[in-house]
Amino acid sequence: MRHSEIRKIAFVGDYLPRKCGIATFTHDMYTSVATAFPHAECIVVPVNDRPEGYEYPPEVRFEIAEADLESYLRAADFLNFANTDVVCLQHEYGIYGGAAGSHVLSLVRDLRMPVVSTFHTVLKEPNDDQRRVLTELAELSARVVVMTERARAFLREIYAVPDAKIAVIAHGIPDVPFVDPNPYKEQFGVEGKLVALTFGLLSPNKGIEHMLRAVPEILKTYPNFAYIVLGATHPSLVRDQGERYRLGLERLARNLGIGKHVIFYNRFVELEELTEFIRAADVYVTPYLNEAQITSGTLAYAFGCGKAVVSTPYWHAEELLADGRGVIVPFADSGALAREVGGLLGDEARRAAMCAEAYKLGRGMIWPRSAERYMAAFQRTRLGRQDRPFKPLTVRTLAEQQADLPDWRFDHLEEMTDSTGMFQHATYTVPNFAEGYCTDDNARALILTVLLEELGVGGKRQERSATTYAAFLQAAFNPEAKRFRNFLGFDRRWLEEVGSEDSHGRALWALAPVSAGLNGVICRLGPPLILHSRSRRCWRRPRPAPGRSRCSGSASTCGGSAATDWRRRPATP
């Protein structure tokens, strides 16, 4: 039984039963630390990607709504008042709200205890928002953890993180015995066969179609070969496209005539069941298509459990499988996959030696070892705490707090918008077609979509609306008069050649941040190049000569200065 001066640890990130890799990692991390250090109280603060949340276990004490900025501030208050000694934060851009997950910064800025952040993604070529978020999070963290040496190098060279602040801790894996796969095959109906396995949430970047195309060639030499694809389709892909990708893979297998040799298990499996699948495999295959994957939990699990691995050269695989610890094949190369998988299946001595070496190295990756290394990182932050400037714990007054407003609703906004633009008026809640449309209101609506996107609110539907409103402004511009028209009838006929000063100024105000590219906000909405090019054409042409525009306070009074002043104007679209 080990004692620790760390009395309370909070783990922040996705958490089971949410189905994603970060949720599994956070759960396994919590379990390993709580088991190894029973005198340290461990709690979890998960991030929800849906309003109803999840049926969490008792260790979950507070929940964050992904897109709700205020909930991050409430989470910080909770952790501060809960006397938390250290926060272990899992960072992945896609799990937090705001531009590039920037909402998480509001949480970390308000915390009074040290934060140890695990970076699951470190990009070689980040965009401006991604660089800003990761750089600031690293500055706010007392310690940052990555899982590969390449990630450490990226942090130093690209993000200017001091090397002394970085710890490399390999992705944790289950501690399972080294076993012969054959006794475990019967439960999956592949007894007597040579088995290759791929597991993880399915999405197009996994490259499984290339492994499927390799199967017919493998079968020529090994007719008793079976390929198991384990994992549910990624939830975000299901929301956007349904099961199109999985159905496409199944259709491909049938067209290749390999339906009897390919098994799809469409389930998200827990650790115990996952280890049974891994034990049954002779070869593990990761045919991923994107090199920019700095960490792969599935690769770590399979390698650490003692499996011979054939993989494409994404960053984690290149590092883990170097020096003959696995086999690397080119991206999207079915012929190479067939050759190397077949080569391992046919060379039992080589395969056994590779498995034994992987299992040996994997003993340093098991979760109990990972827990010890993380606790050492926690202890280090505590020892240096007196050197870190913490702001005093304060309770915000009602005047200092954002009002507790109800959730956003867009049903009326959608009712007032058709494929042309936003209607000018309504009779109570019913759009008034007789009054048609106007540039002034569509400009206001475009500004609204910019502000909503900054808050991480609205999603795809607001992106589509932004495109509609921007297209309306493009059509409203009269190139001959170099002015915007304002009123458009429901029959789509313009009712004037030149609109009011106010509508002209409002249009410039709306298009200014698009043209200037402030923080890239609007450029992330809808088809960004279309919006950007539309706005830039309109912005360059309609600006009046000084003194021609008389609308007091409108964007047109200052020409191009609207590009810098638009944020200071009232947000009342």
# chains A, B, ... in the order shown; residues from 1 in each chain; ligands from 1
$ residues_around --residues "Asn478 in chain A" --least-positions-apart "5" --cutoff "8 Å" --atoms "only C-alpha atoms" --output "MDAnalysis selection string"
chainID A and resid 483:485 497:498
$ select_by_dssp --residues "range 104-246 of chain A" --states "strand (DSSP E)" --output "PyMOL selection string"
chain A and resi 115-119+143-146+166-168+194-199+225-230
$ atom_distance --atom1 "CA of Met147 in chain A" --atom2 "CA of Val168 in chain A"
5.3 Å
$ closest_residue --among "A:Ala443, A:Ala160, A:Leu105, A:Ala153" --to "Leu73 in chain A" --atoms "only C-alpha atoms"
A:Leu105
$ residues_around --residues "Lys8 in chain A" --least-positions-apart "5" --cutoff "12 Å" --atoms "only C-alpha atoms" --output "ChimeraX atom specification"
/A:30,33-34,37-44,79-80,82-88,113-114,375,378-379,382
$ residues_around --residues "His261 in chain A" --least-positions-apart "4" --cutoff "8 Å" --atoms "only C-alpha atoms" --output "list of chain:residue names"
A:Phe225, A:Ala226, A:Tyr227
$ atom_distance --atom1 "CA of Trp367 in chain A" --atom2 "CA of Glu186 in chain A"
28.5 Å
$ residues_around --residues "Gly324 in chain A" --least-positions-apart "3" --cutoff "10 Å" --atoms "only C-alpha atoms" --output "PyMOL selection string"
chain A and resi 320-321+327-328+354+357
$ closest_residue --among "A:Arg254, A:Leu508, A:Val457, A:Thr449" --to "Arg409 in chain A" --atoms "only C-alpha atoms"
A:Val457
$ residues_around --residues "Pro181 in chain A" --least-positions-apart "2" --cutoff "6 Å" --atoms "only C-alpha atoms" --output "NGL selection string"
:A and (183-184 or 279-280)
$ write_last_selection --atoms "N, CA, C and O atoms" --output "tab-separated table (two decimals), in the first residue's frame"
chain	number	residue	atom	x	y	z
A	183	PRO	N	-5.99	-21.12	-28.93
A	183	PRO	CA	-7.10	-21.48	-28.04
A	183	PRO	C	-8.19	-20.42	-27.95
A	183	PRO	O	-9.31	-20.71	-27.51
A	184	TYR	N	-7.92	-19.19	-28.38
A	184	TYR	CA	-8.89	-18.10	-28.24
A	184	TYR	C	-9.70	-17.86	-29.52
A	184	TYR	O	-10.59	-17.01	-29.54
A	279	ARG	N	-5.98	-11.48	-28.26
A	279	ARG	CA	-5.35	-12.79	-28.03
A	279	ARG	C	-5.58	-13.73	-29.21
A	279	ARG	O	-4.73	-14.57	-29.51
A	280	ALA	N	-6.71	-13.61	-29.87
A	280	ALA	CA	-7.06	-14.53	-30.96
A	280	ALA	C	-6.34	-14.20	-32.26
A	280	ALA	O	-6.39	-14.99	-33.21
$ residues_around --residues "Leu495 in chain A" --least-positions-apart "5" --cutoff "12 Å" --atoms "only C-alpha atoms" --output "MDAnalysis selection string"
chainID A and resid 435:439 476 484:490
$ write_last_selection --atoms "C-alpha atoms" --output "PDB file, in the first residue's frame"
ATOM      1  CA  GLU A 435     -42.741  42.072 -47.221  1.00  0.00           C
ATOM      2  CA  GLY A 436     -39.981  40.065 -48.948  1.00  0.00           C
ATOM      3  CA  TYR A 437     -36.338  40.370 -47.931  1.00  0.00           C
ATOM      4  CA  CYS A 438     -33.852  43.140 -47.160  1.00  0.00           C
ATOM      5  CA  THR A 439     -30.074  43.482 -47.138  1.00  0.00           C
ATOM      6  CA  ALA A 476     -27.522  42.623 -53.314  1.00  0.00           C
ATOM      7  CA  PHE A 484     -25.908  47.633 -52.102  1.00  0.00           C
ATOM      8  CA  ARG A 485     -29.580  47.359 -52.906  1.00  0.00           C
ATOM      9  CA  ASN A 486     -31.797  46.802 -49.895  1.00  0.00           C
ATOM     10  CA  PHE A 487     -35.325  45.540 -50.653  1.00  0.00           C
ATOM     11  CA  LEU A 488     -36.004  42.308 -52.561  1.00  0.00           C
ATOM     12  CA  GLY A 489     -39.550  41.160 -53.243  1.00  0.00           C
ATOM     13  CA  PHE A 490     -40.733  37.630 -52.588  1.00  0.00           C
TER      14      PHE A 490
END
$ atom_distance --atom1 "CA of Ile278 in chain A" --atom2 "CA of Thr198 in chain A"
9.2 Å
